[in-house]
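Raw contents of model17.txt, compact mmCIF, C-alpha atoms:
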```
# COMPACT_ATOMS: atom_id res chain seq x y z
CA MET A 273 21.23 -16.63 -9.92
CA PRO A 274 22.90 -16.32 -13.36
CA PHE A 275 20.82 -14.72 -16.11
CA ILE A 276 21.44 -13.28 -19.55
CA THR A 277 19.14 -10.74 -21.19
CA THR A 278 18.23 -11.22 -24.85
CA GLU A 279 17.87 -8.45 -27.43
CA ASP A 280 14.10 -8.37 -26.95
CA GLY A 281 14.34 -8.20 -23.16
CA ALA A 282 13.81 -11.82 -22.08
CA GLU A 283 15.80 -12.81 -19.01
CA ILE A 284 17.09 -16.36 -19.47
CA TYR A 285 18.20 -18.33 -16.42
CA TYR A 286 21.00 -20.88 -16.81
CA LYS A 287 23.07 -23.33 -14.78
CA ASP A 288 26.77 -23.78 -15.51
CA TRP A 289 28.63 -26.47 -13.56
CA GLY A 290 32.15 -27.81 -13.96
CA SER A 291 35.53 -26.66 -15.15
CA PRO A 292 35.44 -23.97 -17.85
CA ASP A 293 38.25 -25.91 -19.55
CA ALA A 294 36.18 -29.10 -19.88
CA GLN A 295 34.20 -29.99 -22.99
CA PRO A 296 30.73 -28.45 -22.59
CA ILE A 297 27.44 -30.32 -22.83
CA MET A 298 24.36 -28.11 -23.07
CA PHE A 299 20.93 -29.55 -22.28
CA HIS A 300 17.65 -28.27 -23.74
CA HIS A 301 14.48 -29.23 -21.85
CA GLY A 302 11.02 -30.22 -23.00
CA TRP A 303 7.64 -28.50 -22.67
CA PRO A 304 6.53 -27.22 -20.14
CA LEU A 305 9.48 -28.02 -17.89
CA SER A 306 12.79 -26.39 -16.90
CA ALA A 307 16.51 -27.06 -16.67
CA ASP A 308 15.75 -29.09 -13.53
CA ASP A 309 14.47 -31.91 -15.73
CA TRP A 310 18.11 -32.66 -16.56
CA ASP A 311 19.28 -33.26 -12.98
CA ALA A 312 20.11 -36.93 -13.56
CA GLN A 313 22.09 -36.16 -16.70
CA MET A 314 23.90 -33.06 -15.42
CA LEU A 315 25.15 -34.79 -12.28
CA TYR A 316 26.19 -37.86 -14.28
CA PHE A 317 28.16 -35.98 -16.93
CA LEU A 318 29.67 -33.62 -14.38
CA SER A 319 31.04 -36.71 -12.62
CA LYS A 320 32.58 -37.80 -15.92
CA GLY A 321 34.56 -34.58 -16.23
CA TYR A 322 32.34 -32.52 -18.52
CA ARG A 323 31.16 -28.95 -18.11
CA VAL A 324 27.34 -29.07 -18.03
CA ILE A 325 24.99 -26.23 -18.89
CA ALA A 326 21.20 -25.99 -18.98
CA SER A 327 18.88 -23.01 -19.33
CA ASP A 328 15.20 -22.41 -18.70
CA ARG A 329 13.40 -21.57 -21.94
CA ARG A 330 11.77 -18.12 -22.05
CA GLY A 331 8.53 -18.23 -20.07
CA HIS A 332 9.60 -21.48 -18.37
CA GLY A 333 11.12 -22.15 -14.96
CA ARG A 334 13.05 -19.18 -13.60
CA SER A 335 13.33 -17.30 -16.88
CA SER A 336 11.16 -14.20 -17.23
CA GLN A 337 7.51 -14.56 -18.18
CA ILE A 338 7.87 -12.38 -21.25
CA GLY A 339 4.73 -12.06 -23.36
CA THR A 340 6.32 -12.55 -26.77
CA GLY A 341 8.66 -14.83 -28.70
CA HIS A 342 7.20 -18.22 -27.84
CA ASP A 343 8.32 -19.86 -31.07
CA MET A 344 11.17 -22.05 -32.27
CA ASP A 345 13.11 -19.13 -33.78
CA HIS A 346 13.28 -17.32 -30.45
CA TYR A 347 14.00 -20.55 -28.56
CA ALA A 348 17.05 -21.14 -30.76
CA SER A 349 18.13 -17.50 -30.61
CA ASP A 350 17.91 -17.56 -26.81
CA ALA A 351 20.00 -20.72 -26.68
CA SER A 352 22.57 -19.04 -28.90
CA ALA A 353 22.65 -16.04 -26.57
CA VAL A 354 23.56 -18.31 -23.65
CA VAL A 355 26.19 -20.13 -25.73
CA GLU A 356 27.79 -16.89 -26.87
CA HIS A 357 27.70 -15.39 -23.37
CA LEU A 358 29.57 -18.44 -22.03
CA ASP A 359 31.65 -18.74 -25.23
CA LEU A 360 30.96 -22.47 -25.50
CA ARG A 361 33.00 -24.25 -28.18
CA ASN A 362 33.30 -27.88 -29.27
CA ALA A 363 29.99 -28.35 -27.48
CA ILE A 364 27.57 -31.26 -27.36
CA HIS A 365 23.90 -30.20 -27.49
CA ILE A 366 21.29 -32.60 -26.12
CA GLY A 367 17.58 -31.86 -26.46
CA HIS A 368 14.49 -33.66 -25.22
CA SER A 369 11.09 -33.31 -26.89
CA THR A 370 10.54 -29.60 -27.64
CA GLY A 371 14.16 -29.15 -26.61
CA GLY A 372 15.11 -31.40 -29.49
CA GLY A 373 13.44 -28.97 -31.85
CA GLN A 374 15.34 -26.17 -30.15
CA VAL A 375 18.61 -28.07 -30.66
CA ALA A 376 17.87 -28.75 -34.33
CA ARG A 377 17.17 -25.10 -35.09
CA TYR A 378 20.05 -23.84 -32.94
CA VAL A 379 22.62 -26.18 -34.51
CA ALA A 380 21.40 -25.52 -38.06
CA GLN A 381 21.14 -21.74 -37.80
CA TYR A 382 23.72 -20.79 -35.17
CA GLY A 383 25.92 -23.57 -33.82
CA GLU A 384 27.30 -25.04 -37.04
CA PRO A 385 27.66 -21.73 -38.92
CA GLN A 386 29.60 -20.37 -35.92
CA GLY A 387 31.73 -23.51 -35.62
CA ARG A 388 30.70 -24.11 -32.01
CA VAL A 389 29.15 -27.61 -32.17
CA ALA A 390 30.84 -31.00 -32.08
CA LYS A 391 27.82 -33.32 -31.86
CA ALA A 392 24.12 -33.29 -31.04
CA VAL A 393 21.59 -35.66 -29.49
CA LEU A 394 17.84 -35.68 -30.10
CA VAL A 395 15.89 -37.56 -27.42
CA SER A 396 12.17 -38.22 -27.96
CA SER A 397 12.15 -35.06 -30.03
CA VAL A 398 9.46 -33.27 -32.02
CA PRO A 399 11.11 -32.69 -35.45
CA PRO A 400 10.52 -32.80 -38.30
CA LEU A 401 6.78 -31.97 -37.85
CA MET A 402 4.24 -33.28 -35.37
CA VAL A 403 0.93 -32.00 -36.74
CA GLN A 404 -0.97 -33.78 -39.50
CA THR A 405 -0.95 -31.93 -42.83
CA GLU A 406 -1.37 -32.85 -46.49
CA GLY A 407 2.38 -33.28 -46.68
CA ASN A 408 2.53 -35.11 -43.33
CA PRO A 409 -0.59 -37.33 -43.37
CA GLU A 410 0.75 -39.65 -40.65
CA GLY A 411 1.09 -36.75 -38.21
CA THR A 412 -1.04 -36.07 -35.14
CA PRO A 413 -4.38 -34.35 -35.90
CA ILE A 414 -4.60 -30.67 -34.96
CA SER A 415 -7.60 -31.54 -32.79
CA VAL A 416 -5.23 -33.25 -30.32
CA PHE A 417 -3.23 -30.05 -29.87
CA ASP A 418 -6.41 -28.00 -29.67
CA GLY A 419 -7.39 -30.31 -26.83
CA PHE A 420 -4.10 -29.56 -25.08
CA ARG A 421 -4.79 -25.83 -25.38
CA ASP A 422 -8.34 -26.19 -24.09
CA ALA A 423 -7.23 -28.29 -21.11
CA LEU A 424 -4.42 -25.89 -20.25
CA ALA A 425 -6.69 -22.85 -20.41
CA ALA A 426 -9.43 -24.53 -18.38
CA ASN A 427 -7.27 -25.88 -15.53
CA ARG A 428 -3.52 -25.94 -16.08
CA ALA A 429 -2.75 -27.53 -12.72
CA GLU A 430 -5.15 -30.41 -13.31
CA PHE A 431 -3.95 -30.90 -16.90
CA TYR A 432 -0.30 -31.09 -15.85
CA GLN A 433 -1.12 -33.59 -13.12
CA ALA A 434 -2.85 -35.79 -15.68
CA VAL A 435 0.07 -35.65 -18.14
CA ALA A 436 2.71 -36.45 -15.54
CA SER A 437 0.76 -39.23 -13.85
CA GLY A 438 -0.27 -40.78 -17.17
CA PRO A 439 1.35 -40.85 -20.60
CA PHE A 440 4.54 -38.81 -20.07
CA TYR A 441 6.31 -41.51 -18.03
CA GLY A 442 4.11 -44.40 -19.09
CA PHE A 443 2.64 -44.58 -15.60
CA ASN A 444 -0.73 -45.40 -17.21
CA ARG A 445 0.62 -48.70 -18.55
CA SER A 446 -0.29 -51.96 -16.88
CA GLY A 447 2.41 -53.04 -14.43
CA ALA A 448 4.18 -49.66 -14.41
CA THR A 449 6.01 -48.66 -11.24
CA VAL A 450 4.51 -45.25 -10.45
CA SER A 451 6.64 -42.64 -8.68
CA GLU A 452 4.62 -39.93 -6.96
CA PRO A 453 7.73 -37.77 -6.35
CA VAL A 454 8.54 -37.85 -10.08
CA ILE A 455 4.97 -36.77 -10.85
CA ALA A 456 5.19 -33.99 -8.27
CA ASN A 457 8.51 -32.77 -9.67
CA TRP A 458 7.10 -32.60 -13.21
CA TRP A 459 4.08 -30.66 -11.93
CA ARG A 460 6.32 -28.34 -9.91
CA GLN A 461 8.44 -27.49 -12.93
CA GLY A 462 5.41 -26.91 -15.13
CA MET A 463 3.63 -24.65 -12.68
CA MET A 464 6.74 -22.48 -12.25
CA GLY A 465 6.36 -21.26 -15.83
CA SER A 466 4.01 -18.93 -17.65
CA ALA A 467 0.58 -20.14 -18.76
CA LEU A 468 0.91 -17.94 -21.85
CA ALA A 469 4.33 -19.31 -22.79
CA HIS A 470 3.07 -22.86 -22.38
CA TYR A 471 -0.13 -22.18 -24.31
CA GLU A 472 1.69 -20.61 -27.25
CA GLY A 473 4.45 -23.19 -27.00
CA ILE A 474 2.01 -25.90 -28.10
CA LYS A 475 1.90 -24.32 -31.54
CA ALA A 476 5.69 -24.01 -31.56
CA PHE A 477 6.35 -27.69 -30.85
CA SER A 478 3.55 -29.10 -32.98
CA GLU A 479 3.38 -26.89 -36.07
CA THR A 480 7.00 -25.93 -36.75
CA ASP A 481 8.33 -27.73 -39.83
CA GLN A 482 11.98 -28.49 -39.13
CA THR A 483 12.75 -30.62 -42.16
CA ALA A 484 15.25 -28.06 -43.45
CA ASP A 485 16.91 -27.78 -40.04
CA LEU A 486 17.60 -31.50 -39.94
CA GLN A 487 18.90 -31.58 -43.51
CA ALA A 488 21.31 -28.71 -42.77
CA ILE A 489 23.06 -30.40 -39.83
CA SER A 490 26.30 -32.15 -40.77
CA VAL A 491 27.80 -32.96 -37.33
CA PRO A 492 27.15 -36.44 -35.89
CA VAL A 493 23.71 -36.71 -34.29
CA LEU A 494 22.39 -39.47 -32.05
CA VAL A 495 18.64 -39.95 -32.50
CA THR A 496 16.99 -41.91 -29.73
CA GLN A 497 13.45 -42.63 -28.54
CA GLY A 498 11.28 -45.24 -26.87
CA ASP A 499 8.83 -47.14 -29.04
CA ASP A 500 6.15 -46.73 -26.34
CA ASP A 501 6.32 -42.93 -26.46
CA GLN A 502 2.70 -41.77 -26.03
CA ILE A 503 3.52 -38.07 -26.43
CA VAL A 504 5.62 -37.97 -29.62
CA PRO A 505 4.95 -40.99 -31.87
CA TYR A 506 8.36 -42.38 -32.76
CA LYS A 507 7.51 -43.37 -36.33
CA ASP A 508 6.73 -39.73 -37.12
CA ALA A 509 9.71 -38.41 -35.17
CA SER A 510 12.95 -40.34 -34.60
CA LEU A 511 12.62 -42.56 -37.66
CA LYS A 512 12.15 -39.54 -39.90
CA GLN A 513 14.90 -37.61 -38.13
CA ALA A 514 17.36 -40.40 -38.86
CA GLU A 515 16.41 -40.33 -42.53
CA LEU A 516 16.71 -36.56 -42.88
CA LEU A 517 19.95 -36.04 -40.95
CA PRO A 518 23.07 -36.53 -43.11
CA ASN A 519 25.12 -38.04 -40.27
CA SER A 520 22.88 -39.83 -37.77
CA THR A 521 22.90 -42.84 -35.46
CA LEU A 522 19.47 -44.24 -34.50
CA LYS A 523 18.71 -46.07 -31.26
CA ILE A 524 15.16 -47.16 -30.36
CA TYR A 525 14.42 -48.47 -26.87
CA GLU A 526 11.75 -51.14 -26.67
CA GLY A 527 8.93 -50.22 -24.29
CA TYR A 528 10.45 -46.95 -23.07
CA PRO A 529 8.19 -43.91 -22.52
CA HIS A 530 8.53 -40.26 -23.52
CA GLY A 531 10.14 -39.39 -20.19
CA MET A 532 12.73 -42.15 -20.43
CA LEU A 533 15.58 -39.84 -19.42
CA THR A 534 14.08 -39.95 -15.93
CA THR A 535 12.65 -43.45 -15.76
CA HIS A 536 15.64 -45.15 -17.43
CA ALA A 537 18.55 -42.78 -16.76
CA ASP A 538 20.68 -45.73 -15.63
CA VAL A 539 20.55 -47.13 -19.17
CA ILE A 540 20.42 -43.99 -21.28
CA ASN A 541 23.15 -41.94 -19.60
CA PRO A 542 25.91 -44.48 -20.40
CA ASP A 543 24.60 -44.75 -23.96
CA LEU A 544 24.80 -40.97 -24.37
CA LEU A 545 28.33 -41.03 -22.96
CA ALA A 546 29.36 -43.75 -25.40
CA PHE A 547 28.13 -41.66 -28.35
CA ILE A 548 29.86 -38.53 -27.07
CA GLN A 549 33.15 -40.40 -26.62
CA GLN A 550 33.11 -42.04 -30.06
```
What's the structure tokens form of this structure?
Amino acid sequence: MPFITTEDGAEIYYKDWGSPDAQPIMFHHGWPLSADDWDAQMLYFLSKGYRVIASDRRGHGRSSQIGTGHDMDHYASDASAVVEHLDLRNAIHIGHSTGGGQVARYVAQYGEPQGRVAKAVLVSSVPPLMVQTEGNPEGTPISVFDGFRDALAANRAEFYQAVASGPFYGFNRSGATVSEPVIANWWRQGMMGSALAHYEGIKAFSETDQTADLQAISVPVLVTQGDDDQIVPYKDASLKQAELLPNSTLKIYEGYPHGMLTTHADVINPDLLAFIQQ
């Protein structure tokens, strides 16, 4: 399997499919998942002639369970290490949830300064700041994230089952069509990773202020989210992202859940393609 080793010794697994001469699209997954969460998008864009790349975040999936660096700075640095190893240029970076935070920091601190990025997409993403503070009074109370940490530490397997079968895909909504294989695949991806990386990652995705990252990005960015996202409230995420980004397009999907890339790939994939081809 292909890996790169970062300066601090993390081994980062990545997938790289398609012609090396095609325009690259790099996908950045959410917490606590892996590159496998992008299967529906990678196969779709590969079929459209793009080169598609996705990596497992440190401590997630097949990447090494290193004990340090579970923060947005290292996430972005690791992404940059993969990009530089593959020498990706004119790339599209698409991030979901925590991966959207990773994209924002990568593009602001590495991708744009290096001239490697053409466009970016933030899907149901965590910036600018999830946690409630004096400056972000409409944010999510810290007690919610403390609850995540407590549940993970007490019984990670049970906690992940509850997230996947409930709010992540909106399977707890009345009339929802529940897919047990989708739940099992989410749980599988989560349990492949490190409990420590996932535990410390909660702080990374909830308490990292990325206002400056968003303001620094000048390339076109598509911001998209479902208004029934029970994981990342869209009014504190995508609406603010669109305001802070200098060059953004906002698309809100009525009734779509946090995991809409899986549940509604048939709708979202063509919309992503349309933005990329603009």
Determine the nearest neighbour of A:Ser352 from the options A:Pro304, A:Ile414, A:Thr277, A:Gly290, counting only C-alpha atoms.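 Selected residue with least distance to A:Ser352: A:Thr277.
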Between A:Ile284, A:Ala456, A:Leu358, A:Ala294, single out the one closest to A:Ser327, counting only C-alpha atoms. A:Ile284
Distance criterion (all atoms listed in the file): nearest to A:Val393 out of A:Tyr528, A:Phe547, A:Tyr432, A:Phe420: A:Phe547
Which residues, written as a PDB file with C-alpha atoms, in the coordinates of the input, have at least one atom at most 8 Å from A:Tyr347, with only C-alpha atoms counted and residues fewer than 6 positions away on the same chain left out?
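Produced file selection.pdb, reproduced below:
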```pdb
ATOM      1  CA  ARG A 329      13.400 -21.570 -21.940  1.00  0.00           C
ATOM      2  CA  ARG A 330      11.770 -18.120 -22.050  1.00  0.00           C
ATOM      3  CA  GLY A 341       8.660 -14.830 -28.700  1.00  0.00           C
ATOM      4  CA  GLN A 374      15.340 -26.170 -30.150  1.00  0.00           C
TER       5      GLN A 374
END
```
Surrounding residues of A:Ile364 excluding itself and chain neighbours under 4 positions, 6 Å, all atoms listed in the file, as a list in words: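 The residues that qualify are Ile297, Ala390, Lys391 and Ala392 of chain A.
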From the set A:Phe299, A:Tyr471, A:Phe317, A:Phe477, which residue has the shortest atom-to-atom contact distance to A:Pro542, counting all atoms listed in the file?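 Smallest distance to A:Pro542 is found for A:Phe317.
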Would you mind listing what lies within 6 Å of A:Thr412 as an NGL selection string, with all atoms listed in the file counted and same-chain residues fewer than 3 positions away left out? :A and (402-404)
In terms of all atoms listed in the file, the residue from A:Val493, A:Gly372, A:Lys287, A:Tyr382 at minimal distance from A:Ile548 is A:Val493
Please list as a PyMOL selection string every residue within 8 Å of A:Asp501, counting all atoms listed in the file and excluding residues in the same chain fewer than 6 positions away. chain A and resi 396+439-440+442+528-530
Long-range neighbours of stretch 522-525 of chain A as JSON, numbers by chain, 9 Å cut-off, all atoms listed in the file, 5 positions minimum in chain: {"A": [493, 494, 495, 496, 497, 498, 499, 500, 506, 510, 511, 513, 514]}
Select, counting all atoms listed in the file, all protein, DNA and RNA residues no farther than 12 Å from (33.4, -25.6, -27.9) in file coordinates, and express the selection as an NGL selection string. :A and (292-298 or 322-323 or 355-356 or 358-365 or 383-384 or 386-391)
Those selected residues, please, written with C-alpha atoms and delivered as an mmCIF file, in the coordinates of the input.
```cif
data_model
loop_
_atom_site.group_PDB
_atom_site.id
_atom_site.type_symbol
_atom_site.label_atom_id
_atom_site.label_comp_id
_atom_site.auth_asym_id
_atom_site.auth_seq_id
_atom_site.Cartn_x
_atom_site.Cartn_y
_atom_site.Cartn_z
ATOM 1 C CA PRO A 292 35.440 -23.970 -17.850
ATOM 2 C CA ASP A 293 38.250 -25.910 -19.550
ATOM 3 C CA ALA A 294 36.180 -29.100 -19.880
ATOM 4 C CA GLN A 295 34.200 -29.990 -22.990
ATOM 5 C CA PRO A 296 30.730 -28.450 -22.590
ATOM 6 C CA ILE A 297 27.440 -30.320 -22.830
ATOM 7 C CA MET A 298 24.360 -28.110 -23.070
ATOM 8 C CA TYR A 322 32.340 -32.520 -18.520
ATOM 9 C CA ARG A 323 31.160 -28.950 -18.110
ATOM 10 C CA VAL A 355 26.190 -20.130 -25.730
ATOM 11 C CA GLU A 356 27.790 -16.890 -26.870
ATOM 12 C CA LEU A 358 29.570 -18.440 -22.030
ATOM 13 C CA ASP A 359 31.650 -18.740 -25.230
ATOM 14 C CA LEU A 360 30.960 -22.470 -25.500
ATOM 15 C CA ARG A 361 33.000 -24.250 -28.180
ATOM 16 C CA ASN A 362 33.300 -27.880 -29.270
ATOM 17 C CA ALA A 363 29.990 -28.350 -27.480
ATOM 18 C CA ILE A 364 27.570 -31.260 -27.360
ATOM 19 C CA HIS A 365 23.900 -30.200 -27.490
ATOM 20 C CA GLY A 383 25.920 -23.570 -33.820
ATOM 21 C CA GLU A 384 27.300 -25.040 -37.040
ATOM 22 C CA GLN A 386 29.600 -20.370 -35.920
ATOM 23 C CA GLY A 387 31.730 -23.510 -35.620
ATOM 24 C CA ARG A 388 30.700 -24.110 -32.010
ATOM 25 C CA VAL A 389 29.150 -27.610 -32.170
ATOM 26 C CA ALA A 390 30.840 -31.000 -32.080
ATOM 27 C CA LYS A 391 27.820 -33.320 -31.860
#
```
Which residue is closest to A:Ile455? Choose from A:Thr534, A:Val324, A:Ser397, A:Trp289 and count all atoms listed in the file. A:Thr534
What is the distance, in Å and to one decimal place, between atom CA of A:His300 and atom CA of A:Ala326?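 Atom-to-atom, atom CA of A:His300 and atom CA of A:Ala326 are spaced 6.4 Å apart.
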Quick check, in Å to one decimal: how far apart do atom CA of A:Val504 and atom CA of A:Thr405 lie? 15.9 Å
Which polymer residues, protein or nucleic acid, are no farther than 10 Å from (19.9, -33.7, -13.3), counting only C-alpha atoms, as an MDAnalysis selection string? chainID A and resid 299 307:318 324 326 533:534 537
Take the residues from that selection and put them in a file with C-alpha atoms, as an mmCIF file, in the frame of the given file.
```cif
data_model
loop_
_atom_site.group_PDB
_atom_site.id
_atom_site.type_symbol
_atom_site.label_atom_id
_atom_site.label_comp_id
_atom_site.auth_asym_id
_atom_site.auth_seq_id
_atom_site.Cartn_x
_atom_site.Cartn_y
_atom_site.Cartn_z
ATOM 1 C CA PHE A 299 20.930 -29.550 -22.280
ATOM 2 C CA ALA A 307 16.510 -27.060 -16.670
ATOM 3 C CA ASP A 308 15.750 -29.090 -13.530
ATOM 4 C CA ASP A 309 14.470 -31.910 -15.730
ATOM 5 C CA TRP A 310 18.110 -32.660 -16.560
ATOM 6 C CA ASP A 311 19.280 -33.260 -12.980
ATOM 7 C CA ALA A 312 20.110 -36.930 -13.560
ATOM 8 C CA GLN A 313 22.090 -36.160 -16.700
ATOM 9 C CA MET A 314 23.900 -33.060 -15.420
ATOM 10 C CA LEU A 315 25.150 -34.790 -12.280
ATOM 11 C CA TYR A 316 26.190 -37.860 -14.280
ATOM 12 C CA PHE A 317 28.160 -35.980 -16.930
ATOM 13 C CA LEU A 318 29.670 -33.620 -14.380
ATOM 14 C CA VAL A 324 27.340 -29.070 -18.030
ATOM 15 C CA ALA A 326 21.200 -25.990 -18.980
ATOM 16 C CA LEU A 533 15.580 -39.840 -19.420
ATOM 17 C CA THR A 534 14.080 -39.950 -15.930
ATOM 18 C CA ALA A 537 18.550 -42.780 -16.760
#
```
Please fill the gaps in stretch 538-547 of chain A so it has all heavy atoms, and write that as an mmCIF file, in the frame of the given file.
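Output below, filename part.cif:
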```cif
data_model
loop_
_atom_site.group_PDB
_atom_site.id
_atom_site.type_symbol
_atom_site.label_atom_id
_atom_site.label_comp_id
_atom_site.auth_asym_id
_atom_site.auth_seq_id
_atom_site.Cartn_x
_atom_site.Cartn_y
_atom_site.Cartn_z
ATOM 1 N N ASP A 538 19.571 -44.796 -15.854
ATOM 2 C CA ASP A 538 20.680 -45.730 -15.630
ATOM 3 C C ASP A 538 21.120 -46.421 -16.906
ATOM 4 O O ASP A 538 22.281 -46.834 -17.032
ATOM 5 C CB ASP A 538 20.282 -46.775 -14.574
ATOM 6 C CG ASP A 538 19.061 -47.594 -14.978
ATOM 7 O OD1 ASP A 538 18.168 -47.046 -15.659
ATOM 8 O OD2 ASP A 538 18.994 -48.775 -14.607
ATOM 9 N N VAL A 539 20.221 -46.529 -17.875
ATOM 10 C CA VAL A 539 20.550 -47.130 -19.170
ATOM 11 C C VAL A 539 20.970 -46.069 -20.181
ATOM 12 O O VAL A 539 21.970 -46.219 -20.893
ATOM 13 C CB VAL A 539 19.335 -47.916 -19.728
ATOM 14 C CG1 VAL A 539 19.621 -48.421 -21.140
ATOM 15 C CG2 VAL A 539 18.991 -49.079 -18.808
ATOM 16 N N ILE A 540 20.222 -44.980 -20.225
ATOM 17 C CA ILE A 540 20.420 -43.990 -21.280
ATOM 18 C C ILE A 540 21.670 -43.146 -21.062
ATOM 19 O O ILE A 540 22.395 -42.841 -22.021
ATOM 20 C CB ILE A 540 19.159 -43.108 -21.412
ATOM 21 C CG1 ILE A 540 17.996 -43.976 -21.898
ATOM 22 C CG2 ILE A 540 19.388 -41.948 -22.375
ATOM 23 C CD1 ILE A 540 16.669 -43.303 -21.886
ATOM 24 N N ASN A 541 21.959 -42.771 -19.830
ATOM 25 C CA ASN A 541 23.150 -41.940 -19.600
ATOM 26 C C ASN A 541 24.429 -42.585 -20.127
ATOM 27 O O ASN A 541 25.212 -41.930 -20.833
ATOM 28 C CB ASN A 541 23.286 -41.601 -18.123
ATOM 29 C CG ASN A 541 22.277 -40.578 -17.655
ATOM 30 O OD1 ASN A 541 21.560 -39.981 -18.447
ATOM 31 N ND2 ASN A 541 22.206 -40.371 -16.355
ATOM 32 N N PRO A 542 24.701 -43.857 -19.832
ATOM 33 C CA PRO A 542 25.910 -44.480 -20.400
ATOM 34 C C PRO A 542 25.876 -44.555 -21.923
ATOM 35 O O PRO A 542 26.930 -44.453 -22.571
ATOM 36 C CB PRO A 542 25.911 -45.876 -19.769
ATOM 37 C CG PRO A 542 25.145 -45.726 -18.501
ATOM 38 C CD PRO A 542 24.068 -44.743 -18.831
ATOM 39 N N ASP A 543 24.693 -44.717 -22.503
ATOM 40 C CA ASP A 543 24.600 -44.750 -23.960
ATOM 41 C C ASP A 543 24.922 -43.376 -24.566
ATOM 42 O O ASP A 543 25.585 -43.283 -25.607
ATOM 43 C CB ASP A 543 23.195 -45.188 -24.393
ATOM 44 C CG ASP A 543 22.940 -46.668 -24.153
ATOM 45 O OD1 ASP A 543 23.916 -47.394 -23.840
ATOM 46 O OD2 ASP A 543 21.777 -47.100 -24.276
ATOM 47 N N LEU A 544 24.458 -42.318 -23.914
ATOM 48 C CA LEU A 544 24.800 -40.970 -24.370
ATOM 49 C C LEU A 544 26.301 -40.744 -24.254
ATOM 50 O O LEU A 544 26.927 -40.175 -25.161
ATOM 51 C CB LEU A 544 24.048 -39.918 -23.538
ATOM 52 C CG LEU A 544 22.529 -39.922 -23.618
ATOM 53 C CD1 LEU A 544 21.960 -38.820 -22.721
ATOM 54 C CD2 LEU A 544 22.031 -39.744 -25.037
ATOM 55 N N LEU A 545 26.899 -41.188 -23.161
ATOM 56 C CA LEU A 545 28.330 -41.030 -22.960
ATOM 57 C C LEU A 545 29.114 -41.767 -24.041
ATOM 58 O O LEU A 545 30.110 -41.228 -24.576
ATOM 59 C CB LEU A 545 28.722 -41.548 -21.574
ATOM 60 C CG LEU A 545 30.211 -41.474 -21.218
ATOM 61 C CD1 LEU A 545 30.686 -40.033 -21.186
ATOM 62 C CD2 LEU A 545 30.472 -42.173 -19.886
ATOM 63 N N ALA A 546 28.662 -42.970 -24.369
ATOM 64 C CA ALA A 546 29.360 -43.750 -25.400
ATOM 65 C C ALA A 546 29.343 -43.025 -26.737
ATOM 66 O O ALA A 546 30.356 -42.994 -27.458
ATOM 67 C CB ALA A 546 28.721 -45.128 -25.530
ATOM 68 N N PHE A 547 28.216 -42.415 -27.088
ATOM 69 C CA PHE A 547 28.130 -41.660 -28.350
ATOM 70 C C PHE A 547 29.039 -40.436 -28.304
ATOM 71 O O PHE A 547 29.758 -40.147 -29.274
ATOM 72 C CB PHE A 547 26.690 -41.234 -28.591
ATOM 73 C CG PHE A 547 26.537 -40.247 -29.722
ATOM 74 C CD1 PHE A 547 26.638 -40.671 -31.037
ATOM 75 C CD2 PHE A 547 26.311 -38.911 -29.470
ATOM 76 C CE1 PHE A 547 26.518 -39.770 -32.089
ATOM 77 C CE2 PHE A 547 26.181 -38.003 -30.506
ATOM 78 C CZ PHE A 547 26.285 -38.433 -31.818
#
```
